[in-house]
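Undergrad: Next comes the structure file target.csv, holding CSV, C-alpha atoms and all ligand atoms.
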chain,number,residue,atom,x,y,z
O,1,MET,CA,192.2,123.8,111.7
O,2,THR,CA,188.6,124.9,112.3
O,3,ILE,CA,187.1,126.8,109.5
O,4,LYS,CA,185.6,130.1,110.7
O,5,ALA,CA,184.9,132.0,107.5
O,6,ILE,CA,183.6,131.1,104.0
O,7,ILE,CA,184.6,133.4,101.2
O,8,LEU,CA,182.5,132.9,98.1
O,9,ASP,CA,183.3,134.0,94.5
O,10,LEU,CA,180.2,135.6,93.0
O,11,ASP,CA,180.1,135.1,89.2
O,12,GLY,CA,179.4,131.4,88.5
O,13,VAL,CA,179.1,130.4,92.2
O,14,ILE,CA,176.2,132.5,93.6
O,15,THR,CA,174.5,133.5,90.3
O,16,ASP,CA,175.0,132.7,86.6
O,17,THR,CA,176.7,136.0,85.7
O,18,ALA,CA,179.6,133.9,84.3
O,19,GLU,CA,177.3,133.3,81.4
O,20,TYR,CA,176.7,137.1,81.0
O,21,HIS,CA,180.4,137.7,81.1
O,22,TYR,CA,180.8,135.1,78.3
O,23,ARG,CA,178.1,136.8,76.2
O,24,GLY,CA,179.7,140.2,76.8
O,25,TRP,CA,183.1,139.1,75.6
O,26,LYS,CA,181.6,137.1,72.7
O,27,HIS,CA,179.8,140.3,71.5
O,28,LEU,CA,183.0,142.2,71.7
O,29,ALA,CA,185.0,139.5,70.0
O,30,ASP,CA,182.4,139.4,67.1
O,31,ASP,CA,182.6,143.2,66.8
O,32,GLU,CA,186.4,143.0,66.5
O,33,GLY,CA,186.4,139.8,64.3
O,34,VAL,CA,188.3,137.8,66.9
O,35,PRO,CA,187.6,134.1,67.2
O,36,PHE,CA,186.1,133.2,70.7
O,37,ASP,CA,184.0,130.4,72.0
O,38,ARG,CA,182.8,128.8,75.3
O,39,GLU,CA,186.0,126.7,75.6
O,40,ALA,CA,188.2,129.8,75.2
O,41,ASN,CA,186.0,131.5,77.8
O,42,ASP,CA,186.9,129.1,80.5
O,43,ALA,CA,190.4,130.6,80.7
O,44,LEU,CA,188.7,134.0,81.4
O,45,ARG,CA,186.7,132.8,84.4
O,46,GLY,CA,187.7,134.8,87.5
O,47,VAL,CA,190.2,136.8,85.5
O,48,SER,CA,190.1,140.7,85.7
O,49,ARG,CA,188.5,142.7,83.0
O,50,ARG,CA,191.9,143.9,81.5
O,51,ALA,CA,193.6,140.5,81.8
O,52,SER,CA,190.5,138.9,80.1
O,53,LEU,CA,190.8,141.4,77.2
O,54,GLU,CA,194.5,140.5,76.8
O,55,LEU,CA,193.7,136.8,76.7
O,56,LEU,CA,190.8,137.4,74.3
O,57,MET,CA,192.9,139.5,71.9
O,58,GLY,CA,196.1,137.5,72.1
O,59,GLU,CA,199.0,139.1,70.2
O,60,ALA,CA,196.6,141.5,68.4
O,61,ILE,CA,196.4,143.6,71.6
O,62,ALA,CA,199.8,145.1,70.6
O,63,ARG,CA,198.0,146.9,67.7
O,64,TYR,CA,195.7,148.8,70.0
O,65,SER,CA,196.5,152.0,71.8
O,66,GLU,CA,195.8,152.5,75.5
O,67,GLU,CA,192.8,154.6,74.6
O,68,GLN,CA,191.5,151.9,72.3
O,69,ILE,CA,192.0,149.3,75.1
O,70,GLN,CA,190.0,151.4,77.5
O,71,GLU,CA,187.2,151.7,74.9
O,72,LEU,CA,187.2,147.9,74.4
O,73,MET,CA,186.9,147.3,78.1
O,74,ALA,CA,184.2,149.9,78.5
O,75,ARG,CA,182.2,148.4,75.5
O,76,LYS,CA,182.3,144.9,76.9
O,77,ASN,CA,181.3,146.3,80.3
O,78,ALA,CA,178.4,148.1,78.8
O,79,TYR,CA,177.2,144.9,77.1
O,80,TYR,CA,177.6,143.1,80.5
O,81,VAL,CA,175.9,145.7,82.6
O,82,ALA,CA,172.9,145.9,80.3
O,83,MET,CA,172.3,142.2,81.0
O,84,LEU,CA,172.4,142.7,84.7
O,85,ASP,CA,169.2,144.6,84.5
O,86,SER,CA,167.4,141.3,84.0
O,87,ILE,CA,168.7,139.8,87.3
O,88,THR,CA,166.2,139.4,90.1
O,89,PRO,CA,166.2,137.7,93.5
O,90,ALA,CA,165.0,134.6,91.6
O,91,ASP,CA,168.4,134.3,89.9
O,92,PHE,CA,170.5,132.5,92.5
O,93,LEU,CA,172.1,129.4,91.1
O,94,PRO,CA,170.3,126.4,92.4
O,95,GLY,CA,171.3,125.8,96.1
O,96,ALA,CA,173.2,129.1,96.4
O,97,TRP,CA,170.7,130.9,98.6
O,98,GLU,CA,170.4,127.8,100.8
O,99,LEU,CA,174.2,127.5,101.1
O,100,LEU,CA,174.5,131.2,102.2
O,101,GLN,CA,171.8,130.6,104.8
O,102,GLU,CA,173.5,127.4,106.1
O,103,ILE,CA,176.9,129.2,106.4
O,104,LYS,CA,175.2,131.9,108.6
O,105,ALA,CA,173.2,129.3,110.6
O,106,ARG,CA,176.5,127.5,111.5
O,107,GLY,CA,177.8,130.8,112.9
O,108,LEU,CA,180.5,131.2,110.3
O,109,LYS,CA,181.6,134.5,108.8
O,110,VAL,CA,180.6,134.9,105.2
O,111,ALA,CA,182.4,137.1,102.6
O,112,ILE,CA,182.6,137.8,98.9
O,113,GLY,CA,185.9,137.4,97.1
O,114,SER,CA,185.3,138.5,93.5
O,115,ALA,CA,187.4,140.2,90.8
O,116,SER,CA,184.3,142.0,89.6
O,117,ARG,CA,183.8,145.7,89.8
O,118,ASN,CA,180.1,145.1,89.3
O,119,THR,CA,179.9,143.0,92.5
O,120,MET,CA,177.7,145.5,94.4
O,121,THR,CA,175.3,145.9,91.4
O,122,VAL,CA,174.9,142.1,91.2
O,123,LEU,CA,174.3,141.7,94.9
O,124,THR,CA,171.8,144.6,94.9
O,125,ARG,CA,169.9,143.0,91.9
O,126,LEU,CA,169.9,139.7,93.9
O,127,GLY,CA,168.4,141.6,96.9
O,128,ILE,CA,171.4,140.8,99.2
O,129,PRO,CA,173.5,144.0,99.3
O,130,ASP,CA,173.8,143.8,103.1
O,131,PHE,CA,174.0,140.0,103.6
O,132,PHE,CA,177.8,139.7,103.8
O,133,ASP,CA,180.2,140.3,106.7
O,134,GLY,CA,182.7,141.5,104.1
O,135,ILE,CA,182.9,142.3,100.4
O,136,SER,CA,186.2,142.1,98.7
O,137,ASP,CA,185.7,143.0,95.0
O,138,GLY,CA,187.6,144.3,92.0
O,139,TYR,CA,188.2,147.7,93.7
O,140,GLY,CA,189.9,146.4,96.9
O,141,VAL,CA,193.2,145.0,95.6
O,142,VAL,CA,195.6,145.7,92.8
O,143,ARG,CA,196.7,142.1,91.9
O,144,ALA,CA,193.8,140.1,90.5
O,145,LYS,CA,193.3,136.3,90.8
O,146,PRO,CA,195.4,134.0,90.6
O,147,ALA,CA,197.0,136.3,93.1
O,148,PRO,CA,195.7,135.5,96.6
O,149,ASP,CA,195.1,139.1,97.4
O,150,VAL,CA,191.3,139.3,96.9
O,151,PHE,CA,190.8,136.4,99.4
O,152,VAL,CA,193.4,137.7,101.9
O,153,TYR,CA,191.7,141.0,101.9
O,154,ALA,CA,188.3,139.3,102.5
O,155,ALA,CA,189.8,137.4,105.4
O,156,GLY,CA,191.0,140.7,106.9
O,157,LEU,CA,187.5,142.2,106.5
O,158,VAL,CA,185.9,139.5,108.6
O,159,GLY,CA,188.8,139.2,111.0
O,160,VAL,CA,189.7,135.6,110.5
O,161,PRO,CA,193.2,134.2,109.9
O,162,VAL,CA,193.8,132.9,106.4
O,163,ALA,CA,194.3,129.3,107.6
O,164,GLN,CA,190.7,129.3,109.0
O,165,CYS,CA,189.1,130.5,105.7
O,166,ALA,CA,187.6,128.4,103.0
O,167,VAL,CA,187.0,129.7,99.4
O,168,ILE,CA,184.3,128.6,97.0
O,169,GLU,CA,185.3,129.2,93.4
O,170,ASP,CA,184.3,128.2,89.9
O,171,ALA,CA,187.5,129.4,88.3
O,172,GLU,CA,190.9,127.8,87.9
O,173,SER,CA,192.5,131.2,88.7
O,174,GLY,CA,190.4,131.5,91.9
O,175,VAL,CA,191.3,128.0,93.1
O,176,GLU,CA,194.9,128.8,92.5
O,177,GLY,CA,194.6,132.1,94.5
O,178,ALA,CA,192.9,130.3,97.4
O,179,LEU,CA,195.6,127.7,97.6
O,180,VAL,CA,198.4,130.3,97.5
O,181,ALA,CA,196.5,132.2,100.3
O,182,GLY,CA,196.8,129.0,102.4
O,183,MET,CA,193.0,128.6,102.5
O,184,VAL,CA,190.8,125.5,102.0
O,185,ALA,CA,189.8,125.6,98.3
O,186,ILE,CA,186.4,124.3,97.2
O,187,GLY,CA,186.0,124.1,93.4
O,188,ILE,CA,182.7,124.2,91.6
O,189,GLY,CA,182.9,122.7,88.1
O,190,PRO,CA,184.8,120.0,86.2
O,191,GLU,CA,188.0,118.3,87.3
O,192,GLU,CA,189.9,119.9,84.4
O,193,ARG,CA,189.1,123.3,85.6
O,194,VAL,CA,189.0,123.2,89.4
O,195,GLY,CA,190.5,119.8,90.1
O,196,LYS,CA,193.4,121.2,92.2
O,197,ALA,CA,190.9,122.3,94.9
O,198,HIS,CA,190.7,120.3,98.2
O,199,PHE,CA,187.1,119.6,97.5
O,200,ARG,CA,185.3,119.6,94.2
O,201,TYR,CA,181.6,119.6,93.4
O,202,ASP,CA,179.9,119.9,90.0
O,203,THR,CA,177.5,122.5,91.1
O,204,THR,CA,176.9,125.0,94.0
O,205,ALA,CA,173.8,122.8,94.9
O,206,GLN,CA,176.1,119.9,95.7
O,207,VAL,CA,178.5,121.7,98.1
O,208,ASN,CA,178.5,119.7,101.3
O,209,LEU,CA,179.5,122.0,104.2
O,210,GLU,CA,179.3,119.1,106.7
O,211,GLU,CA,182.0,117.3,104.8
O,212,ILE,CA,184.2,120.4,104.4
O,213,LEU,CA,184.0,121.4,108.1
O,214,ARG,CA,184.7,117.9,109.3
O,215,GLU,CA,188.2,118.0,107.9
H,1,LIG,C1,185.1,137.8,87.7
H,1,LIG,C2,184.5,137.1,86.4
H,1,LIG,O1,184.3,137.5,88.8
H,1,LIG,O2,185.1,139.2,87.4
H,1,LIG,C3,185.3,137.5,85.2
H,1,LIG,O3,184.6,135.7,86.6
H,1,LIG,C4,185.3,139.0,85.0
H,1,LIG,O4,184.7,136.9,84.1
H,1,LIG,C5,185.9,139.7,86.3
H,1,LIG,O5,186.1,139.4,83.9
H,1,LIG,C6,185.9,141.2,86.3
H,1,LIG,O6,184.5,141.6,86.2
H,1,LIG,P1,184.1,143.1,85.9
H,1,LIG,O7,182.6,143.1,86.2
H,1,LIG,O8,184.8,144.0,86.8
H,1,LIG,O9,184.4,143.3,84.5
H,2,MG,MG,183.6,132.9,89.2
Go ahead and express the file in the form of structure tokens.
Ligand code: BG6
Ligand code: MG
TA:
Amino acid sequence: MTIKAIILDLDGVITDTAEYHYRGWKHLADDEGVPFDREANDALRGVSRRASLELLMGEAIARYSEEQIQELMARKNAYYVAMLDSITPADFLPGAWELLQEIKARGLKVAIGSASRNTMTVLTRLGIPDFFDGISDGYGVVRAKPAPDVFVYAAGLVGVPVAQCAVIEDAESGVEGALVAGMVAIGIGPEERVGKAHFRYDTTAQVNLEEILRE
């Protein structure tokens, strides 16, 4: 079936905010004396703020009250948001800006499908708050990735049936959500992380739209 819309994840696909999310969680983990490293962080990619905290804390989360959990999430977000101040339009991941241009040049709809509630801040820092035909972010749906909701909502925003959408994702949870949504899944990253996708590239710069649209 012809692809008519491309839905892109934001963090780790368009810009390297996945690294800032890692540093924010690492800072919090160090504050709380919880072990955390880059390998453990891979499981947090694409995962909502609360679910990330639950993964990070493991069973220890049971010792925290709801108020304390809210404070932990707010603290990590403050660490993260402070790092966003340094983002400029020069901070697209290699090939990301060119990919966005190519999607539009081919007459396809283009949308964001991100779990992040900081999506608009990041897009504004990159200088593209108005570029997309639809923005589906952490405020639009209740069920986070790996649920398909964030992508299905994006498809609705751009008026394209799910079977004619393709999703570009760097997270295992995002690839899973795209597959459950019945969309073409394009994974960015290693086989162990995004190998279930229909197409896989090591980096955003290597995404080959020609190859994907040919299918
Ligand atoms: C996803 C990131 O895009 O958004 C996750 O991959 C992050 O790492 C999630 O936890 C939620 O982001 P935020 O900005 O709402 O805390
Ligand atoms: Mg991501």
Undergrad: Let me see if you get this right: every residue at most 8 Å from ligand LIG 1 (chain H), counting all atoms listed in the file, written as a ChimeraX atom specification.
TA: /O:9-12,17-18,21-22,44-52,73,77,80,114-119,138,171
Undergrad: In Å, rounded to a single decimal, give me how far atom CA of O:Leu55 is from atom CA of O:Arg23.
TA: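 Taking atom CA of O:Arg23 as the start and atom CA of O:Leu55 as the end point, the length is 15.6 Å.
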Undergrad: Give as a VMD selection string every residue, naming chains and numbers as the document does, that has an atom within 10 Å of (169.7, 135.9, 102.3), counting only C-alpha atoms.
TA: chain O and resid 89 96 to 101 104 126 to 132
Undergrad: Choose the residue, out of O:Asp37, O:Glu169, O:Met183, O:Val160, that has the smallest atom-to-atom separation from ligand MG 2 (chain H); count all atoms listed in the file.
TA: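 Residue with the minimum atom-to-atom distance to ligand MG 2 (chain H): O:Glu169.
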Undergrad: Any idea what the distance is between atom CA of O:Val110 and atom CA of O:Val158?
TA: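 Computed distance, atom CA of O:Val110 to atom CA of O:Val158, equals 7.8 Å.
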Undergrad: Do you have the atom CA of O:Met83-atom CA of O:Trp25 distance handy?
TA: 12.5 Å
Undergrad: Can you tell me which residues surround O:Lys4 at a distance of at most 8 Å, considering all atoms listed in the file, apart from same-chain residues fewer than 5 positions away, and format the answer as a PyMOL selection string?
TA: chain O and resi 108-109+160+164-165
Undergrad: From the list O:Val141, O:Leu93, O:Ala205, O:Val162, which residue is nearest O:Ala178 when using only C-alpha atoms?
TA: O:Val162
Undergrad: Please provide as an NGL selection string all residues within 9 Å of O:Ala154, with the sequence filter that same-chain residues fewer than 3 positions apart are discarded (counting all atoms listed in the file).
TA: :O and (7 or 111-113 or 134-137 or 149-151 or 157-160)
